[in-house]
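Student: Quick one: structure below, then a few questions.
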Amino acid sequence: MSVENASSLPAPPWFARPGARAWRCAPAPAEVRGFHAALPGYAPTPLTELPPLAAEFAVGRIFVKDESCRLGLPAFKALGASWAVHRVLAERAADGAAPGPVTLVTATDGNHGRAVARMARLLGQRAHVFVPRGVHPRAAAAIAAERAKVTEVPGPYDEAVRLAARAAAGPDAVLVQDTAWPGYERIPRWIVEGYSTLCAEIDEQLAAQGVRRGPDLVSIPVGVGSLAQAVVTHYRSRPSGRAPALLSVEPEPAACVLESLTLGEPVSVSTGDTAMAGLNCGTPSSIAWPHLHGGLDAAVAVSDADAARAVARLAALGVSSGPCGAAALSGLRAALTGTGADERRTALGLGPSSVVVLLSTEGPDANPHSTTTDR
């Protein structure tokens, strides 16, 4: 559907906050990129330019950061898991912990748990992964194939997190969770730091394409907000220069960040079923919230149908994405089409020469759902 033919669509669930581009924070540690560069099999993931999308949305250039194969896994999560597990094991060794394997415990909608399990297998550790309802059996099987113990939880993601935290209470277990709450924030912060490599790659890849000043807009799929925290940190830690607009995109049945931004404080929402399984989270991470509240320009929620159309559109342009990754495109479409689109475009500061980056956070194999859409 073209922008011109979409003007009659209703306005999407939306929040915008003026002044976000002036918000500032401390940068991520510089050594993260070097750690990843030294890992076997590391290579920057592609940044693919899609001129047909730029023409469709009346902007200058659109690029997609394709995370469908990151360190041998079909999603970006390996960046955070690898750095956090590295820090956990190094700290245990420095503290004189007894030799022998430790059990890395986590809850997951699919991708983070598989990344933790992969790191545990490669490093001779054990893994115990809690999987909430709605995750496809093939995704759970992929985690088990990494030699992890998998516990299926009949409740939502937040319940899986609670059970994982309880299971990690023993002396030879460590919770490696990609969401934070008061009293559990150090390891989630390491996971967020790990994601900074993705943003550093984008800077280098845009510069190689002649875009040395960086993007004008980054569209970010959001679950608990850890990746968005990393993106906000990257672009809001620069002391000077032009800052891009940052847009978070969530599933309509799990828009906890949008609801929290609207209310001005972090809140939990009851989640429903969605093909965007990796984004099906009901509570923002406690360490992410200050960055999301301060540094996000806007938030939007999209439907499963929106995500499915974006998957198909990206596939037609040669980019392989699952519905979570394609949410970045469906969020851009929601922002720039339908009732109120001109006001939303103005809030994002977009014009005919703007450069947009879409973060496609997973490939189709990350969360299999059916033969036509992927979870």
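Every chain in the structure tokens takes a letter, A first, then B, and so on in the order presented; its residues are numbered from 1, and the ligands are numbered from 1 following the presented order.
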So that I can see what lies close to Ala230 (chain A), please list as a list in words the residues with an atom at most 7 Å from it, counting only C-alpha atoms and leaving out residues fewer than 3 positions away in the same chain.

Tutor: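 Near Ala230 (chain A), the qualifying residues are Val192, Glu193, Tyr195, Ser196, Ser226, Leu227, Thr233 and His234 of chain A.
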
Student: Taking only residues of region 108-227 of chain A that have an atom at most 6 Å from an atom of region 275-279 of chain A, what is each one's shortest atom pair and its distance in Å to one decimal, using only C-alpha atoms, in chain and number order, as a tab-separated table?

Tutor:
```
residue	atom	partner	partner_atom	distance
A:Asp109	CA	A:Gly278	CA	5.0
A:Val222	CA	A:Leu279	CA	6.0
A:Gly223	CA	A:Leu279	CA	4.0
```

Student: Pick out the residues sitting within 10 Å of region 16-25 of chain A, and hand them over as a PyMOL selection string; count only C-alpha atoms, and ignore anything fewer than 3 positions along from it in its own chain.

Tutor: chain A and resi 28+232-240+242-247+258+261-262+290-300+344+347-348

Student: Kindly give the distance, in Å, that separates CA of Ala127 (chain A) and CA of Ala144 (chain A), rounded to a single decimal.

Tutor: 9.4 Å

Student: Please run DSSP on the backbone and report, as a list in words, all residues within region 67-139 of chain A that come out as strand (DSSP E).

Tutor: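 Of region 67-139 of chain A, only Thr103, Leu104, Val105, Thr106, Ala107, Arg126, Ala127, His128, Val129, Phe130 and Val131 of chain A fall in strand (DSSP E).
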
Student: Determine which residues of region 222-253 of chain A DSSP labels as helix (DSSP H, G or I) from the backbone of this structure, then write them out as a PyMOL selection string.

Tutor: chain A and resi 226-236+252-253

Student: When you count only C-alpha atoms, which of these residues is closest to Pro171 (chain A): A:Pro221, A:Gly110, A:Pro101, A:Pro156?

Tutor: A:Pro101

Student: Using CA of Ala55 (chain A) and CA of Glu252 (chain A) as the two end points, give the distance in Å to one decimal.

Tutor: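 These atoms are spaced 27.3 Å apart.
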
Student: Identify which of the residues A:Ser354, A:His128, A:Ala98, A:Arg162 lies closest to Lys149 (chain A), counting only C-alpha atoms when measuring atom-to-atom distances.

Tutor: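 Of A:Ser354, A:His128, A:Ala98, A:Arg162, the one nearest Lys149 (chain A) is A:His128, counting only C-alpha atoms.
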
Student: So, counting only C-alpha atoms, which residue among A:Ser330, A:Thr271, A:Thr103, A:Gln229 is closest to Gly155 (chain A)?

Tutor: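 Of the candidates, the smallest distance to Gly155 (chain A) is held by A:Thr271.
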
Student: Which one is closest to Ile187 (chain A): A:Glu91, A:Glu146, A:Glu343, A:Glu67? Count only C-alpha atoms.

Tutor: A:Glu91
